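A short worksheet on the structure shown next.
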Amino acid sequence: MSIPQSGGGPIERHEQLAEYLASGCKPKADWRIGTEHEKFGYCKDTLKPLPYEGERSILAVLQGLRDQHGWAPLEEGGKLIGLTKDGANVSLEPGGQLELSGAPVETIHQTCDEVNDHLRDVKDIADKIGVGFIGLGAAPIWTHDQMPLMPKGRYKLMDGYMQKVGTSGTTMMRRTCTVQVNLDFASEADMVQKLRVAIALQPVATALFANSPFLEGKPNGHKSWRARVWRHLDDDRTGMVPFVFEDGFGFEAWVQYALDVPMYFVYRDGKYINALGQSFRDFLKGELPALPGETPTLSDWADHLTTLFPEARIKKFIEMRGADGGPWRRLCALPAFWVGLMYDQSALDAAWDLVKGWDAETRETLRIEASRQGLQARAGDVDMHALAREVLAISEAGLKSRARPGAGGLVPDETHFLSALKDSVESGKTPADELLDHYNGDWNGDLTRIYREFSY
């Protein structure tokens, strides 16, 4: 979840809303890659989730990173709730999941080095206090009541609201983890093409990265329970946003969509003011019940944009939001997958050619079936396994065309970061399938084995 935004000063013209999005346009030479991933922490002796405070806790991990690895603290209400260093942030998800929001970098080699350094530092602190971390799309055993709510004002407001809309909002907050990548666009037309490809192919990412087949100690009937959770969260702010594919779509159309999404809060003087269910349109007119007579700033607009949760979304960049959290190799594979598709024009055109004939029903069916069946999903004539193979080949070609070397020039490009996904396509098995094989095989139904064998 996002930290408070710094978007700018007063909104005096409606056009500023779209201009804020358009200000993210960059020449190709300035495009960057920002990878984010979340992970669950637990006590090694009890296998229970970490509380916020205590000898073995989220706070102890944050303090260790601050004191021993040079991270600067971020506080809210006098409590340590995040860290920052070198353009990156470590933040807390609602249930105590630890998130790295990486710095904007130029290559997958750099983002993977960043992930590796972060996981090494986290493990250093965790080992000293008897804590472990694991990458999964959903907590495999823990119940809702076992998951603490972190001391952030945003989460307290969201937690109450989530219980009034949809059926799985509090599950999303406390018991899911994702990996995502944030990518740039050059122009409004470039944004439109990239966002359409991103939305249409997000189910492929869901299938390839499916890694949440368990809930409360047993199989849940889905390869990606995390994706299933998002389908039952809040229809006002989630989904496949079909209007993106309509003629004339652009920044202003996204503005109109965002204005129709009910608000969560307004951030003032270090505090979150309850604006649950209220209208940003009213805020623009100075008629927001939470702050009567006051009009918003661009920072308020930036904050509001962080409360939209479709499968891909735009701010000053595009966020790919369809993948489960997972093991180390896949934390590098997710940005490689999307960079290969998005940052080479021939690859982007090829990806668009694949999906431009699909209708909204096909896209939605793929979304649903990807969460249920992973690579075995089908939507009409679209076979997910065959589609994933084709999309992965396009991504690999895009990375080859980028030709960004690593390891001092010894590695010619970034294609090797796709190896985990290529293995899945060749075997037909996602991480969820492999976990289920263990559960039904050598684990003999003992799901506690997942912590010992799949932690970082």
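Order determines the names: the first chain of the structure tokens is A, the second B, and so forth; residues in each chain are numbered 1 upward, and ligands are numbered 1 upward as they are shown.
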
Give me, as CSV, each residue of stretch 213-247 of chain A that comes within 9 Å of stretch 317-329 of chain A, together with its shortest interatomic pair and the distance in Å at one decimal, counting only C-alpha atoms, with rows ordered by chain and rising residue number.
residue,atom,partner,partner_atom,distance
A:Ser224,CA,A:Asp324,CA,7.1
A:Trp225,CA,A:Asp324,CA,8.9
A:Arg226,CA,A:Asp324,CA,6.7
A:Ala227,CA,A:Gly322,CA,7.3

For the selection you just gave me, I'd like the residues written to a file as a PDB file, in the first residue's frame, keeping N, CA and C atoms.
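Produced file part_27.pdb, reproduced below:
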ATOM      1  N   SER A 224      -4.543 -19.378  -7.738  1.00  0.00           N
ATOM      2  CA  SER A 224      -4.228 -18.069  -7.165  1.00  0.00           C
ATOM      3  C   SER A 224      -5.421 -17.595  -6.345  1.00  0.00           C
ATOM      4  N   TRP A 225      -5.399 -17.902  -5.069  1.00  0.00           N
ATOM      5  CA  TRP A 225      -6.450 -17.418  -4.179  1.00  0.00           C
ATOM      6  C   TRP A 225      -6.380 -15.897  -4.055  1.00  0.00           C
ATOM      7  N   ARG A 226      -5.167 -15.353  -4.125  1.00  0.00           N
ATOM      8  CA  ARG A 226      -5.033 -13.892  -4.083  1.00  0.00           C
ATOM      9  C   ARG A 226      -5.853 -13.253  -5.196  1.00  0.00           C
ATOM     10  N   ALA A 227      -5.757 -13.782  -6.408  1.00  0.00           N
ATOM     11  CA  ALA A 227      -6.528 -13.221  -7.520  1.00  0.00           C
ATOM     12  C   ALA A 227      -8.024 -13.377  -7.279  1.00  0.00           C
TER      13      ALA A 227
END

Open item on the list: For A:Asp446, find every residue with an atom within 12 Å (counting only C-alpha atoms), except residues of its own chain fewer than 3 positions away, and show them as a count of residues only.
Closed with: 18

Open item on the list: When DSSP is applied to the backbone of this structure, which of stretch 411-441 of chain A are assigned helix (DSSP H, G or I)? Write them out as a list in words.
Closed with: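 Helix (DSSP H, G or I) members of stretch 411-441 of chain A, listed: Thr415, His416, Phe417, Leu418, Ser419, Ala420, Leu421, Lys422, Asp423, Ser424, Val425, Glu426, Ser427, Pro431, Ala432, Asp433, Glu434, Leu435, Leu436, Asp437, His438, Tyr439 and Asn440 of chain A.
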
Once you have the residues from the selection above, write them out as a compact mmCIF listing (two decimals), in the first residue's frame, restricted to C-alpha atoms.
# COMPACT_ATOMS: atom_id res chain seq x y z
CA THR A 415 16.48 -12.82 -21.09
CA HIS A 416 17.81 -15.25 -18.46
CA PHE A 417 15.50 -13.64 -15.90
CA LEU A 418 12.60 -15.33 -17.72
CA SER A 419 14.01 -18.82 -17.05
CA ALA A 420 11.61 -19.57 -14.17
CA LEU A 421 8.64 -18.73 -16.41
CA LYS A 422 10.00 -20.76 -19.29
CA ASP A 423 10.31 -23.72 -16.92
CA SER A 424 6.64 -23.32 -15.99
CA VAL A 425 5.54 -23.15 -19.62
CA GLU A 426 7.56 -26.25 -20.51
CA SER A 427 6.26 -28.27 -17.56
CA PRO A 431 4.35 -22.64 -8.32
CA ALA A 432 0.84 -23.47 -7.06
CA ASP A 433 0.91 -26.81 -8.89
CA GLU A 434 4.29 -27.62 -7.37
CA LEU A 435 3.04 -26.75 -3.88
CA LEU A 436 -0.02 -28.96 -4.34
CA ASP A 437 2.22 -31.82 -5.52
CA HIS A 438 4.21 -31.53 -2.29
CA TYR A 439 1.08 -31.27 -0.15
CA ASN A 440 -0.45 -34.38 -1.70

Task: Counting only C-alpha atoms, the residue of A:Lys44, A:Arg313, A:His144, A:His37 that sits nearest A:Arg196 - done: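 The closest residue to A:Arg196 is A:Arg313.
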
Task: Selection near stretch 154-159 of chain A, 8 Å with only C-alpha atoms, sequence-local residues under 2 positions removed, as JSON, numbers by chain - done: {"A": [94, 149, 150, 151, 152, 161, 162, 163, 169, 170, 173, 264, 265, 272, 274, 276]}

Could you save the residues just selected, with N, CA and C atoms, as a PDB file, in the first residue's frame?
ATOM      1  N   PRO A  94      -1.076  -4.017   5.479  1.00  0.00           N
ATOM      2  CA  PRO A  94      -1.976  -3.980   6.635  1.00  0.00           C
ATOM      3  C   PRO A  94      -1.785  -5.100   7.650  1.00  0.00           C
ATOM      4  N   LEU A 149      -3.374  -5.954  12.692  1.00  0.00           N
ATOM      5  CA  LEU A 149      -3.518  -4.795  11.808  1.00  0.00           C
ATOM      6  C   LEU A 149      -2.447  -3.782  12.189  1.00  0.00           C
ATOM      7  N   MET A 150      -1.647  -3.385  11.223  1.00  0.00           N
ATOM      8  CA  MET A 150      -0.536  -2.483  11.502  1.00  0.00           C
ATOM      9  C   MET A 150      -1.043  -1.085  11.884  1.00  0.00           C
ATOM     10  N   PRO A 151      -0.260  -0.350  12.687  1.00  0.00           N
ATOM     11  CA  PRO A 151      -0.720   0.943  13.231  1.00  0.00           C
ATOM     12  C   PRO A 151      -0.568   2.089  12.236  1.00  0.00           C
ATOM     13  N   LYS A 152      -1.319   2.026  11.155  1.00  0.00           N
ATOM     14  CA  LYS A 152      -1.321   3.108  10.165  1.00  0.00           C
ATOM     15  C   LYS A 152      -2.757   3.580  10.009  1.00  0.00           C
ATOM     16  N   TYR A 161     -14.146   0.033   6.267  1.00  0.00           N
ATOM     17  CA  TYR A 161     -14.875   0.186   5.008  1.00  0.00           C
ATOM     18  C   TYR A 161     -14.936  -1.131   4.243  1.00  0.00           C
ATOM     19  N   MET A 162     -13.835  -1.889   4.266  1.00  0.00           N
ATOM     20  CA  MET A 162     -13.790  -3.155   3.539  1.00  0.00           C
ATOM     21  C   MET A 162     -14.840  -4.145   4.026  1.00  0.00           C
ATOM     22  N   GLN A 163     -15.259  -3.995   5.259  1.00  0.00           N
ATOM     23  CA  GLN A 163     -16.271  -4.908   5.794  1.00  0.00           C
ATOM     24  C   GLN A 163     -17.682  -4.554   5.319  1.00  0.00           C
ATOM     25  N   GLY A 169     -12.350  -7.926   1.343  1.00  0.00           N
ATOM     26  CA  GLY A 169     -11.408  -6.829   1.496  1.00  0.00           C
ATOM     27  C   GLY A 169     -10.451  -7.012   2.649  1.00  0.00           C
ATOM     28  N   THR A 170     -10.952  -7.463   3.790  1.00  0.00           N
ATOM     29  CA  THR A 170     -10.054  -7.627   4.935  1.00  0.00           C
ATOM     30  C   THR A 170      -9.108  -8.804   4.729  1.00  0.00           C
ATOM     31  N   MET A 173      -6.283  -7.385   2.691  1.00  0.00           N
ATOM     32  CA  MET A 173      -5.403  -6.549   3.479  1.00  0.00           C
ATOM     33  C   MET A 173      -4.440  -7.352   4.339  1.00  0.00           C
ATOM     34  N   TYR A 264     -11.477   7.222   0.225  1.00  0.00           N
ATOM     35  CA  TYR A 264     -11.160   6.617   1.518  1.00  0.00           C
ATOM     36  C   TYR A 264     -10.865   7.688   2.576  1.00  0.00           C
ATOM     37  N   PHE A 265     -10.002   8.651   2.223  1.00  0.00           N
ATOM     38  CA  PHE A 265      -9.472   9.559   3.237  1.00  0.00           C
ATOM     39  C   PHE A 265      -8.942  10.830   2.600  1.00  0.00           C
ATOM     40  N   TYR A 272      -4.866  10.859   8.923  1.00  0.00           N
ATOM     41  CA  TYR A 272      -5.835  10.461   7.901  1.00  0.00           C
ATOM     42  C   TYR A 272      -7.236  10.847   8.363  1.00  0.00           C
ATOM     43  N   ASN A 274     -11.204  10.741   7.857  1.00  0.00           N
ATOM     44  CA  ASN A 274     -12.192   9.821   7.299  1.00  0.00           C
ATOM     45  C   ASN A 274     -13.044  10.516   6.243  1.00  0.00           C
ATOM     46  N   LEU A 276     -14.613   8.226   3.937  1.00  0.00           N
ATOM     47  CA  LEU A 276     -15.075   6.968   3.356  1.00  0.00           C
ATOM     48  C   LEU A 276     -16.386   7.142   2.603  1.00  0.00           C
TER      49      LEU A 276
END

Open item on the list: With only C-alpha atoms as the counted atoms, please give the residues lying no more than 6 Å from stretch 102-104 of chain A, apart from itself and same-chain residues fewer than 5 positions off, as a PyMOL selection string.
Closed with: chain A and resi 32-36+87-88

Among stretch 56-282 of chain A, which residues does DSSP mark as strand (DSSP E) when it is run on the backbone? Keep the chain and numbering as in the structure and answer as a JSON list (two decimals) with N, CA and C atoms, in the first residue's frame.
[["chain", "number", "residue", "atom", "x", "y", "z"],
["A", 72, "ALA", "N", 16.75, 4.99, 6.65],
["A", 72, "ALA", "CA", 16.20, 6.12, 7.42],
["A", 72, "ALA", "C", 14.76, 5.82, 7.81],
["A", 73, "PRO", "N", 14.34, 6.22, 9.00],
["A", 73, "PRO", "CA", 13.00, 5.87, 9.48],
["A", 73, "PRO", "C", 11.90, 6.74, 8.91],
["A", 74, "LEU", "N", 10.72, 6.15, 8.75],
["A", 74, "LEU", "CA", 9.48, 6.86, 8.44],
["A", 74, "LEU", "C", 8.50, 6.55, 9.56],
["A", 75, "GLU", "N", 7.95, 7.59, 10.18],
["A", 75, "GLU", "CA", 7.08, 7.39, 11.33],
["A", 75, "GLU", "C", 5.70, 7.97, 11.07],
["A", 76, "GLU", "N", 4.72, 7.42, 11.77],
["A", 76, "GLU", "CA", 3.36, 7.96, 11.77],
["A", 76, "GLU", "C", 2.83, 7.84, 13.19],
["A", 79, "LYS", "N", 5.12, 6.11, 15.68],
["A", 79, "LYS", "CA", 5.46, 4.70, 15.46],
["A", 79, "LYS", "C", 6.23, 4.53, 14.16],
["A", 80, "LEU", "N", 7.24, 3.67, 14.19],
["A", 80, "LEU", "CA", 8.02, 3.37, 13.01],
["A", 80, "LEU", "C", 7.19, 2.49, 12.08],
["A", 81, "ILE", "N", 6.89, 3.01, 10.89],
["A", 81, "ILE", "CA", 6.02, 2.26, 9.97],
["A", 81, "ILE", "C", 6.65, 2.08, 8.58],
["A", 82, "GLY", "N", 7.90, 2.54, 8.41],
["A", 82, "GLY", "CA", 8.56, 2.37, 7.13],
["A", 82, "GLY", "C", 9.98, 2.87, 7.18],
["A", 83, "LEU", "N", 10.68, 2.68, 6.05],
["A", 83, "LEU", "CA", 12.07, 3.06, 5.93],
["A", 83, "LEU", "C", 12.33, 3.56, 4.52],
["A", 84, "THR", "N", 13.40, 4.34, 4.36],
["A", 84, "THR", "CA", 13.75, 4.81, 3.03],
["A", 84, "THR", "C", 15.27, 4.86, 2.88],
["A", 85, "LYS", "N", 15.74, 4.56, 1.66],
["A", 85, "LYS", "CA", 17.17, 4.63, 1.38],
["A", 85, "LYS", "C", 17.38, 4.58, -0.13],
["A", 88, "ALA", "N", 14.53, 3.97, -2.56],
["A", 88, "ALA", "CA", 13.67, 2.83, -2.29],
["A", 88, "ALA", "C", 12.96, 3.02, -0.95],
["A", 89, "ASN", "N", 11.86, 2.30, -0.76],
["A", 89, "ASN", "CA", 11.12, 2.33, 0.50],
["A", 89, "ASN", "C", 10.84, 0.91, 0.98],
["A", 90, "VAL", "N", 10.90, 0.73, 2.27],
["A", 90, "VAL", "CA", 10.37, -0.47, 2.93],
["A", 90, "VAL", "C", 9.14, -0.03, 3.69],
["A", 91, "SER", "N", 8.01, -0.67, 3.44],
["A", 91, "SER", "CA", 6.77, -0.27, 4.09],
["A", 91, "SER", "C", 6.02, -1.48, 4.60],
["A", 92, "LEU", "N", 5.00, -1.21, 5.39],
["A", 92, "LEU", "CA", 4.19, -2.27, 5.99],
["A", 92, "LEU", "C", 2.85, -2.37, 5.30],
["A", 98, "LEU", "N", 5.83, -7.34, 4.80],
["A", 98, "LEU", "CA", 6.91, -6.39, 4.59],
["A", 98, "LEU", "C", 7.08, -6.18, 3.09],
["A", 99, "GLU", "N", 7.04, -4.91, 2.65],
["A", 99, "GLU", "CA", 7.12, -4.59, 1.23],
["A", 99, "GLU", "C", 8.38, -3.80, 0.92],
["A", 100, "LEU", "N", 9.07, -4.19, -0.14],
["A", 100, "LEU", "CA", 10.11, -3.36, -0.71],
["A", 100, "LEU", "C", 9.56, -2.69, -1.96],
["A", 101, "SER", "N", 9.57, -1.36, -1.97],
["A", 101, "SER", "CA", 9.25, -0.59, -3.17],
["A", 101, "SER", "C", 10.57, -0.07, -3.71],
["A", 131, "VAL", "N", 13.18, -15.09, 13.31],
["A", 131, "VAL", "CA", 12.07, -14.77, 12.43],
["A", 131, "VAL", "C", 12.39, -15.28, 11.03],
["A", 132, "GLY", "N", 11.36, -15.66, 10.28],
["A", 132, "GLY", "CA", 11.52, -16.04, 8.88],
["A", 132, "GLY", "C", 10.59, -15.24, 7.99],
["A", 133, "PHE", "N", 10.89, -15.23, 6.69],
["A", 133, "PHE", "CA", 10.03, -14.57, 5.70],
["A", 133, "PHE", "C", 9.81, -15.51, 4.53],
["A", 134, "ILE", "N", 8.60, -15.50, 4.01],
["A", 134, "ILE", "CA", 8.23, -16.38, 2.92],
["A", 134, "ILE", "C", 7.42, -15.63, 1.87],
["A", 178, "THR", "N", 1.80, -9.67, -3.10],
["A", 178, "THR", "CA", 1.96, -9.57, -4.54],
["A", 178, "THR", "C", 3.38, -9.16, -4.90],
["A", 179, "VAL", "N", 3.70, -9.29, -6.16],
["A", 179, "VAL", "CA", 4.88, -8.67, -6.75],
["A", 179, "VAL", "C", 4.39, -7.89, -7.96],
["A", 180, "GLN", "N", 4.85, -6.68, -8.13],
["A", 180, "GLN", "CA", 4.41, -5.87, -9.26],
["A", 180, "GLN", "C", 5.57, -5.04, -9.78],
["A", 181, "VAL", "N", 5.38, -4.49, -10.98],
["A", 181, "VAL", "CA", 6.40, -3.62, -11.55],
["A", 181, "VAL", "C", 5.73, -2.37, -12.08],
["A", 182, "ASN", "N", 6.41, -1.25, -11.93],
["A", 182, "ASN", "CA", 5.94, 0.04, -12.38],
["A", 182, "ASN", "C", 6.78, 0.48, -13.57],
["A", 183, "LEU", "N", 6.12, 0.83, -14.67],
["A", 183, "LEU", "CA", 6.80, 1.15, -15.92],
["A", 183, "LEU", "C", 6.32, 2.48, -16.49],
["A", 214, "PHE", "N", -3.51, -22.47, -1.05],
["A", 214, "PHE", "CA", -3.93, -22.89, 0.29],
["A", 214, "PHE", "C", -4.55, -21.72, 1.06],
["A", 215, "LEU", "N", -5.48, -22.05, 1.94],
["A", 215, "LEU", "CA", -6.05, -21.09, 2.88],
["A", 215, "LEU", "C", -6.46, -21.84, 4.12],
["A", 218, "LYS", "N", -5.47, -25.75, 4.20],
["A", 218, "LYS", "CA", -5.88, -26.78, 3.24],
["A", 218, "LYS", "C", -6.05, -26.16, 1.86],
["A", 219, "PRO", "N", -6.09, -26.99, 0.81],
["A", 219, "PRO", "CA", -6.30, -26.46, -0.54],
["A", 219, "PRO", "C", -7.61, -25.69, -0.64],
["A", 238, "THR", "N", -11.99, -2.12, -8.51],
["A", 238, "THR", "CA", -11.20, -3.25, -8.97],
["A", 238, "THR", "C", -11.66, -3.69, -10.35],
["A", 239, "GLY", "N", -10.98, -4.69, -10.92],
["A", 239, "GLY", "CA", -11.47, -5.31, -12.13],
["A", 239, "GLY", "C", -10.65, -5.02, -13.38],
["A", 265, "PHE", "N", -10.00, 8.65, 2.22],
["A", 265, "PHE", "CA", -9.47, 9.56, 3.24],
["A", 265, "PHE", "C", -8.94, 10.83, 2.60],
["A", 266, "VAL", "N", -8.63, 11.79, 3.45],
["A", 266, "VAL", "CA", -7.81, 12.95, 3.09],
["A", 266, "VAL", "C", -6.69, 13.01, 4.12],
["A", 267, "TYR", "N", -5.47, 13.23, 3.66],
["A", 267, "TYR", "CA", -4.31, 13.25, 4.55],
["A", 267, "TYR", "C", -3.94, 14.70, 4.87],
["A", 268, "ARG", "N", -4.00, 15.04, 6.17],
["A", 268, "ARG", "CA", -3.70, 16.39, 6.61],
["A", 268, "ARG", "C", -2.87, 16.36, 7.89],
["A", 271, "LYS", "N", -2.17, 13.14, 9.62],
["A", 271, "LYS", "CA", -3.30, 12.33, 10.04],
["A", 271, "LYS", "C", -4.22, 12.03, 8.85],
["A", 272, "TYR", "N", -4.87, 10.86, 8.92],
["A", 272, "TYR", "CA", -5.83, 10.46, 7.90],
["A", 272, "TYR", "C", -7.24, 10.85, 8.36],
["A", 273, "ILE", "N", -7.89, 11.70, 7.59],
["A", 273, "ILE", "CA", -9.25, 12.14, 7.90],
["A", 273, "ILE", "C", -10.24, 11.26, 7.16],
["A", 274, "ASN", "N", -11.20, 10.74, 7.86],
["A", 274, "ASN", "CA", -12.19, 9.82, 7.30],
["A", 274, "ASN", "C", -13.04, 10.52, 6.24]]

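Candidate residues A:Leu308, A:Leu17, A:Val204, A:Leu233 were compared for distance to A:Leu334, and the nearest is A:Val204, using only C-alpha atoms.
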
Task: Which residue of A:Ala386, A:Leu366, A:Ala138, A:Ala360 approaches A:Leu201 most closely, using only C-alpha atoms - done: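 Checking each of A:Ala386, A:Leu366, A:Ala138, A:Ala360 against A:Leu201, counting only C-alpha atoms, the winner is A:Leu366.
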
Open item on the list: Applying 10 Å and only C-alpha atoms, which residues near A:Asp184 remain after dropping the ones on its own chain fewer than 6 positions away? List them as a count of residues only.
Closed with: 22
